[in-house]
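Colleague: See query-v3.csv below, with CSV, C-alpha atoms.
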chain,number,residue,atom,x,y,z
U,9,MET,CA,-184.4,99.6,-34.6
U,10,ALA,CA,-182.1,102.5,-33.9
U,11,GLU,CA,-179.5,103.3,-36.6
U,12,ALA,CA,-176.1,102.0,-35.7
U,13,GLU,CA,-173.8,104.7,-34.5
U,14,THR,CA,-170.6,105.5,-36.5
U,15,ASP,CA,-167.4,105.6,-34.6
U,16,PRO,CA,-166.3,109.3,-34.9
U,17,ARG,CA,-162.7,108.2,-34.7
U,18,LEU,CA,-162.9,106.1,-37.8
U,19,GLY,CA,-160.8,107.7,-40.6
U,20,ALA,CA,-160.1,110.8,-38.5
U,21,TYR,CA,-156.4,110.7,-39.3
U,22,GLN,CA,-156.5,109.0,-42.6
U,23,ASP,CA,-154.0,110.2,-45.1
U,24,PRO,CA,-155.8,111.3,-48.4
U,25,GLY,CA,-153.4,109.0,-50.3
U,26,SER,CA,-153.6,106.0,-48.0
U,27,ALA,CA,-156.5,104.3,-49.7
U,28,THR,CA,-155.6,101.2,-51.6
U,29,LYS,CA,-154.2,102.2,-55.0
U,30,ALA,CA,-153.3,100.4,-58.1
U,31,LEU,CA,-149.8,101.2,-59.2
U,32,GLY,CA,-149.2,101.2,-63.0
U,33,LEU,CA,-147.2,102.5,-65.9
U,34,LYS,CA,-147.3,106.1,-64.5
U,35,PRO,CA,-145.7,106.9,-61.1
U,36,PHE,CA,-148.0,107.4,-58.2
U,37,ILE,CA,-147.0,110.8,-56.7
U,38,HIS,CA,-148.8,111.8,-53.6
U,39,GLU,CA,-150.5,115.2,-53.9
U,40,THR,CA,-148.3,116.6,-51.1
U,41,ALA,CA,-145.0,115.3,-52.5
U,42,LYS,CA,-142.6,117.6,-54.3
U,43,VAL,CA,-140.9,116.3,-57.4
U,44,ARG,CA,-138.5,118.2,-59.6
U,45,ASP,CA,-136.6,117.1,-62.8
U,46,SER,CA,-136.8,113.4,-62.0
U,47,GLU,CA,-137.5,110.2,-64.0
U,48,PHE,CA,-139.7,107.3,-62.9
U,49,GLY,CA,-140.0,103.7,-64.1
U,50,ILE,CA,-143.2,101.7,-64.0
U,51,TYR,CA,-145.0,100.8,-60.8
U,52,THR,CA,-143.2,103.5,-58.8
U,53,GLU,CA,-144.5,105.6,-55.9
U,54,VAL,CA,-143.6,108.7,-53.9
U,55,GLY,CA,-145.4,109.1,-50.6
U,56,ALA,CA,-146.8,112.1,-48.7
U,57,ARG,CA,-144.6,115.1,-48.1
U,58,SER,CA,-141.6,113.5,-49.6
U,59,THR,CA,-139.2,115.5,-51.8
U,60,VAL,CA,-137.4,114.1,-54.9
U,61,VAL,CA,-135.0,116.2,-56.9
U,62,GLU,CA,-133.0,115.3,-60.0
U,63,THR,CA,-133.4,111.6,-59.3
U,64,VAL,CA,-134.0,108.5,-61.4
U,65,PHE,CA,-136.3,105.8,-59.9
U,66,GLY,CA,-136.1,102.3,-61.3
U,67,ASP,CA,-139.2,100.2,-61.9
U,68,TYR,CA,-141.1,99.0,-58.8
U,69,SER,CA,-139.3,101.2,-56.4
U,70,TYR,CA,-141.0,103.4,-53.9
U,71,VAL,CA,-140.4,105.9,-51.1
U,72,VAL,CA,-143.0,106.4,-48.4
U,73,HIS,CA,-143.8,109.7,-46.5
U,74,ASP,CA,-141.5,112.5,-45.2
U,75,SER,CA,-138.3,111.5,-47.0
U,76,GLN,CA,-135.9,113.6,-49.1
U,77,ILE,CA,-134.0,112.3,-52.1
U,78,ILE,CA,-131.6,114.6,-53.9
U,79,TYR,CA,-129.4,113.8,-56.9
U,80,ALA,CA,-129.7,110.0,-56.7
U,81,THR,CA,-130.0,107.0,-59.0
U,82,ILE,CA,-132.4,104.4,-57.5
U,83,GLY,CA,-132.3,100.9,-58.9
U,84,ARG,CA,-135.3,98.6,-59.4
U,85,PHE,CA,-137.4,97.2,-56.5
U,86,CYS,CA,-136.0,99.5,-53.9
U,87,SER,CA,-137.9,100.1,-50.7
U,88,ILE,CA,-137.3,103.5,-48.9
U,89,ALA,CA,-138.9,104.1,-45.6
U,90,SER,CA,-140.0,107.3,-44.0
U,91,HIS,CA,-137.8,110.2,-42.8
U,92,VAL,CA,-134.9,109.0,-45.0
U,93,ARG,CA,-132.4,111.5,-46.3
U,94,ILE,CA,-130.4,110.7,-49.4
U,95,ASN,CA,-127.6,113.1,-50.4
U,96,PRO,CA,-128.3,115.7,-47.7
U,97,GLY,CA,-126.7,119.1,-47.9
U,98,ASN,CA,-123.5,119.9,-46.0
U,99,HIS,CA,-122.2,123.1,-44.6
U,100,PRO,CA,-118.6,124.3,-45.5
U,101,LEU,CA,-116.6,123.3,-42.5
U,102,ASP,CA,-113.4,124.8,-43.9
U,103,ARG,CA,-114.9,128.3,-44.2
U,104,VAL,CA,-115.0,131.0,-41.5
U,105,ALA,CA,-118.8,131.0,-41.8
U,106,LEU,CA,-120.9,127.8,-41.7
U,107,SER,CA,-124.1,129.7,-42.5
U,108,HIS,CA,-125.6,129.1,-45.9
U,109,VAL,CA,-125.7,132.9,-46.3
U,110,THR,CA,-122.3,132.5,-48.0
U,111,TYR,CA,-123.7,130.3,-50.8
U,112,ARG,CA,-127.4,131.2,-50.8
U,113,ALA,CA,-126.6,134.9,-50.8
U,114,SER,CA,-129.6,136.0,-53.0
U,115,ALA,CA,-132.1,135.0,-50.3
U,116,TYR,CA,-130.6,137.6,-48.1
U,117,GLY,CA,-130.1,140.3,-50.7
U,118,LEU,CA,-126.3,139.9,-50.4
U,119,GLY,CA,-125.4,139.0,-54.0
U,120,GLU,CA,-125.7,136.0,-56.2
U,121,ASP,CA,-125.8,132.3,-55.1
U,122,GLU,CA,-122.6,130.3,-55.4
U,123,ALA,CA,-123.3,127.9,-58.3
U,124,GLY,CA,-120.2,125.9,-57.8
U,125,PHE,CA,-121.2,124.9,-54.3
U,126,PHE,CA,-124.4,123.3,-55.6
U,127,ASP,CA,-122.6,121.7,-58.5
U,128,TRP,CA,-120.4,119.8,-56.2
U,129,ARG,CA,-123.3,118.2,-54.5
U,130,ARG,CA,-124.9,117.4,-57.8
U,131,GLN,CA,-121.8,115.6,-58.9
U,132,LYS,CA,-121.7,113.5,-55.7
U,133,ARG,CA,-124.8,111.5,-56.7
U,134,VAL,CA,-125.9,108.6,-54.5
U,135,THR,CA,-126.5,105.3,-56.2
U,136,LEU,CA,-128.7,102.4,-55.0
U,137,GLY,CA,-128.5,99.1,-56.7
U,138,HIS,CA,-131.6,96.8,-57.1
U,139,ASP,CA,-133.8,95.6,-54.2
U,140,VAL,CA,-132.2,97.8,-51.6
U,141,TRP,CA,-134.0,98.5,-48.4
U,142,LEU,CA,-133.5,101.7,-46.5
U,143,GLY,CA,-135.1,101.6,-43.0
U,144,HIS,CA,-136.7,104.4,-41.1
U,145,GLY,CA,-134.5,107.5,-40.6
U,146,VAL,CA,-131.5,106.3,-42.7
U,147,ILE,CA,-129.1,109.0,-43.9
U,148,VAL,CA,-127.0,108.3,-47.0
U,149,LEU,CA,-124.2,110.8,-47.5
U,150,PRO,CA,-123.2,112.3,-50.8
U,151,GLY,CA,-121.3,110.1,-53.3
U,152,VAL,CA,-122.2,106.8,-51.6
U,153,SER,CA,-123.0,103.7,-53.5
U,154,ILE,CA,-125.2,100.9,-52.0
U,155,GLY,CA,-125.0,97.5,-53.6
U,156,THR,CA,-127.9,95.4,-54.8
U,157,GLY,CA,-129.8,93.5,-52.1
U,158,ALA,CA,-128.3,95.5,-49.2
U,159,ALA,CA,-130.4,96.3,-46.1
U,160,ILE,CA,-129.7,99.5,-44.1
U,161,GLY,CA,-131.1,99.4,-40.6
U,162,ALA,CA,-133.2,102.2,-39.1
U,163,GLY,CA,-131.3,105.3,-38.1
U,164,ALA,CA,-128.0,104.3,-39.8
U,165,VAL,CA,-125.8,107.0,-41.3
U,166,VAL,CA,-124.1,105.5,-44.4
U,167,THR,CA,-120.8,107.3,-45.0
U,168,LYS,CA,-119.1,104.8,-47.4
U,169,ASP,CA,-120.0,102.4,-50.1
U,170,VAL,CA,-121.9,99.2,-49.1
U,171,PRO,CA,-121.3,95.8,-50.8
U,172,PRO,CA,-124.2,93.8,-52.2
U,173,PHE,CA,-126.4,91.9,-49.8
U,174,ALA,CA,-124.8,93.6,-46.7
U,175,ILE,CA,-126.8,94.5,-43.6
U,176,VAL,CA,-125.6,97.8,-42.3
U,177,VAL,CA,-126.4,99.4,-38.9
U,178,GLY,CA,-125.2,102.3,-36.8
U,179,ASN,CA,-123.6,105.7,-37.0
U,180,PRO,CA,-121.3,105.7,-38.8
U,181,GLY,CA,-122.8,102.7,-40.7
U,182,ARG,CA,-120.9,99.4,-40.4
U,183,VAL,CA,-121.5,96.0,-42.0
U,184,LEU,CA,-123.2,93.8,-39.3
U,185,ARG,CA,-123.3,90.7,-41.6
U,186,PHE,CA,-124.3,89.6,-45.0
U,187,ARG,CA,-127.7,88.2,-45.8
U,188,PHE,CA,-126.4,85.1,-47.5
U,189,PRO,CA,-123.2,83.1,-47.9
U,190,ASP,CA,-120.8,84.1,-50.7
U,191,ALA,CA,-122.0,81.4,-53.1
U,192,VAL,CA,-125.6,82.4,-52.8
U,193,ARG,CA,-124.8,86.1,-53.2
U,194,ASP,CA,-122.8,85.3,-56.4
U,195,SER,CA,-125.6,83.2,-57.7
U,196,LEU,CA,-128.3,85.8,-57.1
U,197,LEU,CA,-126.2,88.4,-58.9
U,198,ARG,CA,-126.0,86.0,-61.9
U,199,ILE,CA,-129.7,85.2,-61.8
U,200,ALA,CA,-130.6,89.0,-61.6
U,201,TRP,CA,-134.3,88.4,-61.0
U,202,TRP,CA,-134.7,92.2,-60.8
U,203,ASP,CA,-134.2,92.2,-64.6
U,204,TRP,CA,-136.8,89.6,-65.3
U,205,PRO,CA,-139.6,90.5,-67.7
U,206,ARG,CA,-143.0,91.0,-66.1
U,207,ASP,CA,-144.4,87.6,-67.0
U,208,ARG,CA,-141.5,85.8,-65.6
U,209,LEU,CA,-141.6,87.9,-62.5
U,210,ALA,CA,-145.2,87.0,-61.9
U,211,ALA,CA,-144.5,83.4,-62.4
U,212,GLY,CA,-141.6,83.5,-59.9
U,213,ILE,CA,-143.4,85.3,-57.0
U,214,ALA,CA,-144.5,82.0,-55.3
U,215,GLU,CA,-140.9,80.7,-55.4
U,216,MET,CA,-139.6,84.0,-53.9
U,217,ARG,CA,-142.1,83.5,-51.1
U,218,ASN,CA,-141.7,79.9,-50.4
U,219,LEU,CA,-138.2,78.7,-51.4
U,220,SER,CA,-135.0,79.2,-49.4
U,221,ALA,CA,-132.4,81.4,-51.1
U,222,GLU,CA,-130.3,78.3,-51.7
U,223,ASP,CA,-133.2,76.4,-53.4
U,224,PHE,CA,-134.1,79.4,-55.4
U,225,CYS,CA,-130.6,79.6,-56.7
U,226,ARG,CA,-130.4,75.9,-57.5
U,227,ARG,CA,-133.6,76.3,-59.6
U,228,HIS,CA,-132.6,79.4,-61.5
U,229,ASP,CA,-128.8,79.6,-61.7
U,230,ARG,CA,-127.3,77.2,-64.3
U,231,HIS,CA,-124.1,77.3,-62.3
U,232,GLY,CA,-126.0,76.2,-59.1
U,233,ALA,CA,-125.4,77.3,-55.6
U,234,ASP,CA,-123.2,75.4,-53.1
Could the structure of this file be written out as structure tokens, please?

Modeller:
Amino acid sequence: MAEAETDPRLGAYQDPGSATKALGLKPFIHETAKVRDSEFGIYTEVGARSTVVETVFGDYSYVVHDSQIIYATIGRFCSIASHVRINPGNHPLDRVALSHVTYRASAYGLGEDEAGFFDWRRQKRVTLGHDVWLGHGVIVLPGVSIGTGAAIGAGAVVTKDVPPFAIVVGNPGRVLRFRFPDAVRDSLLRIAWWDWPRDRLAAGIAEMRNLSAEDFCRRHDRHGAD
């Protein structure tokens, strides 16, 4: 019997880091990612060709490929898609020259870099609460805070703070609606499942999958949900 032929296309474009991996106490940093002066919790991941600078990643949070995160604090259980920009650089609109030659002068042999320009951006940290989802191509401008449970639609440009559990779309980003009624949002913030210890989290996965938000709140919030 002739030996079975192997499809030459199989795996031709496979990412070296795309194989099934087991996340753990140490962050999974793709070999092509660039990380500088950042902190990572347990079960965290940085995907291929992503850049993370001076950022804190909470437990169970991840960013996939080709994203850039600068000067940010990321809560627990956050999901960050590809081609996302968090705290992107700006050019000085009030100056006679927009070119970064004025603040990256050393690269051009024109003097020292302007430290104050970079300090401003560092002070305008972006903050994500817990269980935030940033869709493909989202841009979050400097100084913005995104509340727990918020979902930001693909391609949105977030220019101002986002309340918890809001769904934001568009450029500039606007609140389309909230994921849950007021009472459920308040209840979820009291329950704070993102702070549960690992054993309780494991026990609660089935309920997260199968219960409605209202039923989940009734079960876990001593105040109940209307």

Colleague: Given the choices U:Asp169, U:Asp203, U:Asp67, U:Asp194, which gets closest to U:Glu222 if the distance is worked out from all atoms listed in the file?

Modeller: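 Comparing U:Asp169, U:Asp203, U:Asp67, U:Asp194 against U:Glu222, the winner is U:Asp194.
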
Colleague: Can you measure atom CA of U:Gly124 to atom CA of U:Glu47 for me? One decimal in Å is fine.

Modeller: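 The value is 24.2 Å.
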
Colleague: Enter the distance from atom CA of U:Ser90 to atom CA of U:Arg217, in Å, rounded to one decimal.

Modeller: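 For atom CA of U:Ser90 relative to atom CA of U:Arg217, the distance reads 24.9 Å.
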
Colleague: As number ranges by chain, please: the residues near stretch 128-141 of chain U (cut-off 10 Å, only C-alpha atoms, same-chain neighbours under 5 positions excluded).

Modeller: U: 62-69, 77-89, 94-98, 123, 146, 148-161, 169-175, 200-203

Colleague: Please dump the current selection as a short mmCIF file (atom, residue, chain, number, x, y, z; two decimals), in the coordinates of the input; keep C-alpha atoms.

Modeller:
data_model
loop_
_atom_site.label_atom_id
_atom_site.label_comp_id
_atom_site.auth_asym_id
_atom_site.auth_seq_id
_atom_site.Cartn_x
_atom_site.Cartn_y
_atom_site.Cartn_z
CA GLU U 62 -133.00 115.30 -60.00
CA THR U 63 -133.40 111.60 -59.30
CA VAL U 64 -134.00 108.50 -61.40
CA PHE U 65 -136.30 105.80 -59.90
CA GLY U 66 -136.10 102.30 -61.30
CA ASP U 67 -139.20 100.20 -61.90
CA TYR U 68 -141.10 99.00 -58.80
CA SER U 69 -139.30 101.20 -56.40
CA ILE U 77 -134.00 112.30 -52.10
CA ILE U 78 -131.60 114.60 -53.90
CA TYR U 79 -129.40 113.80 -56.90
CA ALA U 80 -129.70 110.00 -56.70
CA THR U 81 -130.00 107.00 -59.00
CA ILE U 82 -132.40 104.40 -57.50
CA GLY U 83 -132.30 100.90 -58.90
CA ARG U 84 -135.30 98.60 -59.40
CA PHE U 85 -137.40 97.20 -56.50
CA CYS U 86 -136.00 99.50 -53.90
CA SER U 87 -137.90 100.10 -50.70
CA ILE U 88 -137.30 103.50 -48.90
CA ALA U 89 -138.90 104.10 -45.60
CA ILE U 94 -130.40 110.70 -49.40
CA ASN U 95 -127.60 113.10 -50.40
CA PRO U 96 -128.30 115.70 -47.70
CA GLY U 97 -126.70 119.10 -47.90
CA ASN U 98 -123.50 119.90 -46.00
CA ALA U 123 -123.30 127.90 -58.30
CA VAL U 146 -131.50 106.30 -42.70
CA VAL U 148 -127.00 108.30 -47.00
CA LEU U 149 -124.20 110.80 -47.50
CA PRO U 150 -123.20 112.30 -50.80
CA GLY U 151 -121.30 110.10 -53.30
CA VAL U 152 -122.20 106.80 -51.60
CA SER U 153 -123.00 103.70 -53.50
CA ILE U 154 -125.20 100.90 -52.00
CA GLY U 155 -125.00 97.50 -53.60
CA THR U 156 -127.90 95.40 -54.80
CA GLY U 157 -129.80 93.50 -52.10
CA ALA U 158 -128.30 95.50 -49.20
CA ALA U 159 -130.40 96.30 -46.10
CA ILE U 160 -129.70 99.50 -44.10
CA GLY U 161 -131.10 99.40 -40.60
CA ASP U 169 -120.00 102.40 -50.10
CA VAL U 170 -121.90 99.20 -49.10
CA PRO U 171 -121.30 95.80 -50.80
CA PRO U 172 -124.20 93.80 -52.20
CA PHE U 173 -126.40 91.90 -49.80
CA ALA U 174 -124.80 93.60 -46.70
CA ILE U 175 -126.80 94.50 -43.60
CA ALA U 200 -130.60 89.00 -61.60
CA TRP U 201 -134.30 88.40 -61.00
CA TRP U 202 -134.70 92.20 -60.80
CA ASP U 203 -134.20 92.20 -64.60
#

Colleague: For a test of reading the model, state the distance in Å between atom CA of U:Arg230 and atom CA of U:Ile213, rounded to one decimal.

Modeller: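 Result for atom CA of U:Arg230 versus atom CA of U:Ile213: 19.4 Å, one decimal.
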
Colleague: Could you tell me which of U:Met216, U:Val92, U:Ala221, U:Ala164 comes closest to U:Arg187 if we count only C-alpha atoms?

Modeller: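 Using only C-alpha atoms, U:Arg187 sits closest to U:Ala221.
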
Colleague: Pick from U:His99, U:Ala162, U:Ala214, U:Thr52: nearest to U:Tyr111, with only C-alpha atoms counted?

Modeller: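 Going through U:His99, U:Ala162, U:Ala214, U:Thr52 one by one, the smallest distance to U:Tyr111 is for U:His99.
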
Colleague: Please identify all polymer residues lying at most 8 Å from the point (-146.3, 109.7, -52.3) (file coordinates), using all atoms listed in the file, and present the result as a PDB file with C-alpha atoms, in the frame of the given file.

Modeller:
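The result, stored in selection-v4.pdb:
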ATOM      1  CA  GLY U  25    -153.400 109.000 -50.300  1.00  0.00           C
ATOM      2  CA  PHE U  36    -148.000 107.400 -58.200  1.00  0.00           C
ATOM      3  CA  ILE U  37    -147.000 110.800 -56.700  1.00  0.00           C
ATOM      4  CA  HIS U  38    -148.800 111.800 -53.600  1.00  0.00           C
ATOM      5  CA  GLU U  39    -150.500 115.200 -53.900  1.00  0.00           C
ATOM      6  CA  THR U  40    -148.300 116.600 -51.100  1.00  0.00           C
ATOM      7  CA  ALA U  41    -145.000 115.300 -52.500  1.00  0.00           C
ATOM      8  CA  GLU U  53    -144.500 105.600 -55.900  1.00  0.00           C
ATOM      9  CA  VAL U  54    -143.600 108.700 -53.900  1.00  0.00           C
ATOM     10  CA  GLY U  55    -145.400 109.100 -50.600  1.00  0.00           C
ATOM     11  CA  ALA U  56    -146.800 112.100 -48.700  1.00  0.00           C
ATOM     12  CA  ARG U  57    -144.600 115.100 -48.100  1.00  0.00           C
ATOM     13  CA  SER U  58    -141.600 113.500 -49.600  1.00  0.00           C
ATOM     14  CA  VAL U  71    -140.400 105.900 -51.100  1.00  0.00           C
ATOM     15  CA  VAL U  72    -143.000 106.400 -48.400  1.00  0.00           C
ATOM     16  CA  HIS U  73    -143.800 109.700 -46.500  1.00  0.00           C
TER      17      HIS U  73
END

Colleague: Given the choices U:Gly49, U:Val183, U:Pro35, U:Val192, which gets closest to U:Ser220 if the distance is worked out from only C-alpha atoms?

Modeller: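 The closest residue to U:Ser220 is U:Val192.
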